[in-house]
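Text of structure-v1.cif (mmCIF, C-alpha atoms) as supplied:
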data_query
#
loop_
_atom_site.group_PDB
_atom_site.id
_atom_site.type_symbol
_atom_site.label_atom_id
_atom_site.label_comp_id
_atom_site.auth_asym_id
_atom_site.auth_seq_id
_atom_site.Cartn_x
_atom_site.Cartn_y
_atom_site.Cartn_z
ATOM 1 C CA MET G 1 -1.958 46.738 -95.894
ATOM 2 C CA LYS G 2 -3.888 49.787 -97.129
ATOM 3 C CA PRO G 3 -5.083 48.989 -100.656
ATOM 4 C CA LYS G 4 -4.392 51.424 -103.453
ATOM 5 C CA LEU G 5 -7.341 52.042 -105.751
ATOM 6 C CA LEU G 6 -6.790 51.909 -109.484
ATOM 7 C CA PRO G 7 -9.241 53.438 -111.946
ATOM 8 C CA THR G 8 -12.303 51.293 -112.585
ATOM 9 C CA GLN G 9 -15.853 51.646 -113.859
ATOM 10 C CA ASN G 10 -17.216 49.865 -110.776
ATOM 11 C CA ASN G 11 -19.865 52.096 -109.183
ATOM 12 C CA LEU G 12 -19.395 51.008 -105.564
ATOM 13 C CA ARG G 13 -18.264 53.813 -103.259
ATOM 14 C CA LYS G 14 -14.489 54.148 -102.926
ATOM 15 C CA GLN G 15 -14.694 53.445 -99.204
ATOM 16 C CA THR G 16 -16.586 50.199 -99.880
ATOM 17 C CA ARG G 17 -14.178 49.165 -102.608
ATOM 18 C CA ARG G 18 -11.165 49.807 -100.345
ATOM 19 C CA ALA G 19 -12.693 47.759 -97.537
ATOM 20 C CA MET G 20 -13.559 44.891 -99.892
ATOM 21 C CA ILE G 21 -10.097 44.875 -101.472
ATOM 22 C CA GLU G 22 -8.582 44.600 -98.005
ATOM 23 C CA LEU G 23 -11.046 41.826 -97.083
ATOM 24 C CA LEU G 24 -10.370 39.960 -100.326
ATOM 25 C CA ASN G 25 -6.596 40.217 -99.938
ATOM 26 C CA GLN G 26 -6.825 38.865 -96.385
ATOM 27 C CA HIS G 27 -8.741 35.877 -97.689
ATOM 28 C CA LEU G 28 -6.345 35.530 -100.602
ATOM 29 C CA ALA G 29 -3.480 35.072 -98.127
ATOM 30 C CA ASP G 30 -5.569 32.533 -96.194
ATOM 31 C CA VAL G 31 -6.634 30.502 -99.241
ATOM 32 C CA LEU G 32 -3.121 30.454 -100.697
ATOM 33 C CA ASP G 33 -1.777 29.207 -97.365
ATOM 34 C CA LEU G 34 -4.563 26.616 -97.198
ATOM 35 C CA GLY G 35 -3.771 25.437 -100.729
ATOM 36 C CA LEU G 36 -0.118 24.979 -99.813
ATOM 37 C CA GLN G 37 -1.109 23.073 -96.676
ATOM 38 C CA VAL G 38 -3.241 20.737 -98.778
ATOM 39 C CA LYS G 39 -0.333 20.185 -101.186
ATOM 40 C CA GLN G 40 1.933 19.480 -98.187
ATOM 41 C CA ALA G 41 -0.469 16.700 -97.168
ATOM 42 C CA HIS G 42 -0.792 15.487 -100.763
ATOM 43 C CA TRP G 43 2.989 15.129 -101.119
ATOM 44 C CA ASN G 44 3.610 13.541 -97.732
ATOM 45 C CA VAL G 45 0.694 11.243 -96.909
ATOM 46 C CA LYS G 46 1.649 7.618 -96.245
ATOM 47 C CA GLY G 47 -0.135 4.504 -95.120
ATOM 48 C CA PRO G 48 -2.786 2.034 -96.194
ATOM 49 C CA HIS G 49 -5.146 4.729 -97.528
ATOM 50 C CA PHE G 50 -2.402 6.532 -99.434
ATOM 51 C CA ILE G 51 -3.879 6.539 -102.932
ATOM 52 C CA GLY G 52 -7.391 7.573 -101.884
ATOM 53 C CA LEU G 53 -6.128 10.406 -99.698
ATOM 54 C CA HIS G 54 -3.465 11.444 -102.207
ATOM 55 C CA GLU G 55 -6.186 11.827 -104.841
ATOM 56 C CA LEU G 56 -8.595 13.526 -102.407
ATOM 57 C CA PHE G 57 -5.992 16.083 -101.368
ATOM 58 C CA ASP G 58 -5.233 16.794 -105.023
ATOM 59 C CA LYS G 59 -8.944 17.353 -105.712
ATOM 60 C CA VAL G 60 -9.211 19.714 -102.720
ATOM 61 C CA ALA G 61 -6.154 21.659 -103.926
ATOM 62 C CA GLU G 62 -7.697 22.024 -107.393
ATOM 63 C CA GLY G 63 -10.943 23.358 -105.889
ATOM 64 C CA LEU G 64 -9.026 25.873 -103.790
ATOM 65 C CA GLU G 65 -7.215 27.119 -106.899
ATOM 66 C CA GLU G 66 -10.571 28.085 -108.380
ATOM 67 C CA TYR G 67 -11.482 30.101 -105.262
ATOM 68 C CA THR G 68 -8.027 31.628 -105.210
ATOM 69 C CA ASP G 69 -8.539 32.987 -108.716
ATOM 70 C CA GLU G 70 -12.051 34.241 -107.958
ATOM 71 C CA ILE G 71 -10.932 36.051 -104.797
ATOM 72 C CA ALA G 72 -7.890 37.617 -106.493
ATOM 73 C CA GLU G 73 -9.830 38.618 -109.598
ATOM 74 C CA ARG G 74 -12.588 40.232 -107.526
ATOM 75 C CA ALA G 75 -10.002 42.413 -105.754
ATOM 76 C CA VAL G 76 -8.711 43.550 -109.150
ATOM 77 C CA GLU G 77 -12.251 44.132 -110.483
ATOM 78 C CA LEU G 78 -12.780 46.559 -107.590
ATOM 79 C CA GLY G 79 -9.695 48.539 -108.581
ATOM 80 C CA GLY G 80 -7.240 46.829 -106.267
ATOM 81 C CA VAL G 81 -4.111 44.766 -106.635
ATOM 82 C CA ALA G 82 -4.214 41.080 -105.728
ATOM 83 C CA LEU G 83 -1.517 40.539 -103.102
ATOM 84 C CA GLY G 84 -0.454 36.913 -103.440
ATOM 85 C CA THR G 85 3.288 36.683 -102.921
ATOM 86 C CA VAL G 86 4.767 34.145 -100.550
ATOM 87 C CA GLN G 87 6.005 36.979 -98.337
ATOM 88 C CA ILE G 88 2.490 38.340 -97.943
ATOM 89 C CA ILE G 89 1.020 34.880 -97.354
ATOM 90 C CA ALA G 90 3.558 34.217 -94.579
ATOM 91 C CA LYS G 91 2.858 37.578 -92.965
ATOM 92 C CA GLU G 92 -0.935 37.792 -93.349
ATOM 93 C CA SER G 93 -2.404 34.269 -93.214
ATOM 94 C CA ARG G 94 -4.543 33.637 -90.162
ATOM 95 C CA LEU G 95 -4.199 29.851 -90.393
ATOM 96 C CA PRO G 96 -1.919 28.053 -87.957
ATOM 97 C CA ALA G 97 1.264 26.608 -89.408
ATOM 98 C CA TYR G 98 0.835 23.126 -90.848
ATOM 99 C CA PRO G 99 2.446 20.412 -88.706
ATOM 100 C CA LEU G 100 5.376 19.208 -90.805
ATOM 101 C CA GLY G 101 5.954 15.920 -88.992
ATOM 102 C CA LEU G 102 2.744 14.271 -90.163
ATOM 103 C CA ALA G 103 2.855 11.111 -92.246
ATOM 104 C CA SER G 104 -0.308 9.156 -91.431
ATOM 105 C CA GLY G 105 -3.421 9.690 -93.439
ATOM 106 C CA ARG G 106 -5.452 10.282 -90.273
ATOM 107 C CA GLY G 107 -3.049 12.984 -89.099
ATOM 108 C CA HIS G 108 -3.229 14.813 -92.422
ATOM 109 C CA VAL G 109 -7.024 14.515 -92.593
ATOM 110 C CA ASP G 110 -7.378 15.919 -89.072
ATOM 111 C CA ALA G 111 -4.975 18.794 -89.752
ATOM 112 C CA LEU G 112 -6.656 19.712 -93.034
ATOM 113 C CA ALA G 113 -10.175 19.356 -91.628
ATOM 114 C CA GLY G 114 -9.244 21.882 -88.950
ATOM 115 C CA ALA G 115 -7.681 24.287 -91.435
ATOM 116 C CA LEU G 116 -10.653 23.985 -93.806
ATOM 117 C CA ALA G 117 -13.093 24.570 -90.938
ATOM 118 C CA ARG G 118 -11.202 27.675 -89.853
ATOM 119 C CA PHE G 119 -11.117 28.958 -93.446
ATOM 120 C CA GLY G 120 -14.861 28.287 -93.707
ATOM 121 C CA ALA G 121 -15.457 30.360 -90.582
ATOM 122 C CA PHE G 122 -13.402 33.187 -92.081
ATOM 123 C CA ALA G 123 -15.487 32.990 -95.272
ATOM 124 C CA ARG G 124 -18.753 33.165 -93.309
ATOM 125 C CA GLY G 125 -17.454 36.258 -91.519
ATOM 126 C CA ALA G 126 -16.584 37.772 -94.886
ATOM 127 C CA ILE G 127 -20.144 37.183 -96.129
ATOM 128 C CA ASP G 128 -21.432 39.327 -93.275
ATOM 129 C CA ALA G 129 -18.741 41.999 -93.705
ATOM 130 C CA ALA G 130 -19.364 42.320 -97.447
ATOM 131 C CA GLY G 131 -23.117 42.430 -96.938
ATOM 132 C CA LYS G 132 -22.843 45.165 -94.303
ATOM 133 C CA ALA G 133 -20.540 47.122 -96.632
ATOM 134 C CA GLY G 134 -23.129 46.938 -99.417
ATOM 135 C CA ASP G 135 -21.148 44.691 -101.782
ATOM 136 C CA ALA G 136 -23.557 41.887 -102.647
ATOM 137 C CA ASP G 137 -21.241 40.467 -105.320
ATOM 138 C CA THR G 138 -18.356 39.955 -102.890
ATOM 139 C CA ALA G 139 -20.796 38.531 -100.322
ATOM 140 C CA ASP G 140 -22.022 36.097 -102.989
ATOM 141 C CA LEU G 141 -18.450 35.060 -103.811
ATOM 142 C CA PHE G 142 -17.786 34.259 -100.157
ATOM 143 C CA THR G 143 -21.116 32.403 -99.926
ATOM 144 C CA GLU G 144 -19.921 30.143 -102.726
ATOM 145 C CA VAL G 145 -16.547 29.649 -101.030
ATOM 146 C CA SER G 146 -18.229 28.865 -97.712
ATOM 147 C CA ARG G 147 -20.721 26.455 -99.235
ATOM 148 C CA GLU G 148 -18.088 24.409 -101.058
ATOM 149 C CA GLY G 149 -14.964 24.896 -98.934
ATOM 150 C CA ALA G 150 -14.771 22.562 -95.923
ATOM 151 C CA GLU G 151 -16.594 19.446 -97.032
ATOM 152 C CA PRO G 152 -14.006 17.131 -98.673
ATOM 153 C CA CYS G 153 -11.832 16.393 -95.637
ATOM 154 C CA GLU G 154 -14.790 16.291 -93.262
ATOM 155 C CA SER G 155 -16.259 13.398 -95.261
ATOM 156 C CA ALA G 156 -12.909 11.558 -95.097
ATOM 157 C CA ARG G 157 -12.960 11.548 -91.281
#
Please go through the file and, once you have read it, give me the structure as C-alpha cells.
Amino acid sequence: MKPKLLPTQNNLRKQTRRAMIELLNQHLADVLDLGLQVKQAHWNVKGPHFIGLHELFDKVAEGLEEYTDEIAERAVELGGVALGTVQIIAKESRLPAYPLGLASGRGHVDALAGALARFGAFARGAIDAAGKAGDADTADLFTEVSREGAEPCESAR
C-alpha cells in the first residue's frame, strides 16, 4: 500500500510524509473496523443492561467517528489519499474479527474492551513511530486517540 504523494505546502520531507500517510492509513483501517465492531455490538446487545450498553456503544461509536475523520484528514493534509473503503478495511485491519454469535451485554463488553485495548496499543506505537519520523503533529493526533480511546468499555466491566 505505497502511498502516492499529491502536491501540498506541507514542509515535512517527502520520505516522512510517505511514512506518515502509510501509518495513518493503517490506523484508518483499524479505526473503521473498530467502529463497525462497536456498531455490531450496539445493534445486537440483549439482556437486562440493554439500554445502558446500547447507549454506551453508540457513544463509543460517535467518539470513534471523530478520530476516524482526524486520521483520514491528516493523511490528506500530508498529500496522501485516505484509504477507507470496505475492501481496504477487510484487507488491512489488524483487529481480530468480531465474534458474531454474541448477544449478552457481558460478551459484547469483553469483546469491545479487547478490541479497544488492542487499538490503544496500536495508537501508542504510532505515537513513537511519528515522533521518530519527526512528525510531531501526527504524534500529537495519536496521543489524543490513545488518551481517549479505550476507556468507555473498560469502565463498563
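The coordinates place atom CA of Arg13 of chain G at 28.0 Å from atom CA of Leu32 of chain G.
Here atom CA of Ala19 of chain G stands at a distance of 7.9 Å from atom CA of Ala133 of chain G.
Note that atom CA of Leu100 of chain G and atom CA of Ala115 of chain G are 14.0 Å apart.
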task: Counting all atoms listed in the file, figure out which residue out of G:Met20, G:Ile51, G:Ser146, G:Ala130 gets nearest to Ala75 of chain G.
output: G:Met20
field: Chain and number of each residue from the PyMOL selection byres ((chain G and resi 82) around 12), as a PyMOL selection string
entry: chain G and resi 1+3-6+20-29+32+68-81+83-85+88-89
Name all residues at most 6 Å from segment 125-129 of chain G (count only C-alpha atoms; drop same-chain ones fewer than 2 positions away) and give them as a compact mmCIF listing (two decimals) with C-alpha atoms, in the coordinates of the input.
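The resulting file, out_8.txt, is shown below:
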# COMPACT_ATOMS: atom_id res chain seq x y z
CA PHE G 122 -13.40 33.19 -92.08
CA ALA G 123 -15.49 32.99 -95.27
CA GLY G 131 -23.12 42.43 -96.94
CA LYS G 132 -22.84 45.16 -94.30
CA ALA G 139 -20.80 38.53 -100.32
CA PHE G 142 -17.79 34.26 -100.16
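The residue that comes closest to Leu102 of chain G, out of G:Pro7, G:Gly52, G:Gly35, G:Gly47 and on the basis of only C-alpha atoms, is G:Gly47.
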- prompt: Which residues match the PyMOL selection byres ((chain G and resi 61) around 12) in the file above, as number ranges by chain?
  reply: G: 31-43, 54-60, 62-68, 112, 116, 149-150, 152-153
Please put the answer as AutoDock Vina command-line options: centre and edge lengths, in Å with one decimal, of a box along x, y and z that encloses all listed atoms of segment 79-82 of chain G plus 3 Å on each side.
--center_x -6.9 --center_y 44.8 --center_z -107.2 --size_x 11.6 --size_y 13.5 --size_z 8.9
Residues within 10 Å of Pro48 of chain G, all atoms listed in the file, excluding chain neighbours under 4 positions, as a PyMOL selection string: chain G and resi 52-53+104-105
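Counting all atoms listed in the file and comparing G:Ala97, G:Ala90, G:Ala103, G:Leu12, the residue that lies closest to Val45 of chain G is G:Ala103.
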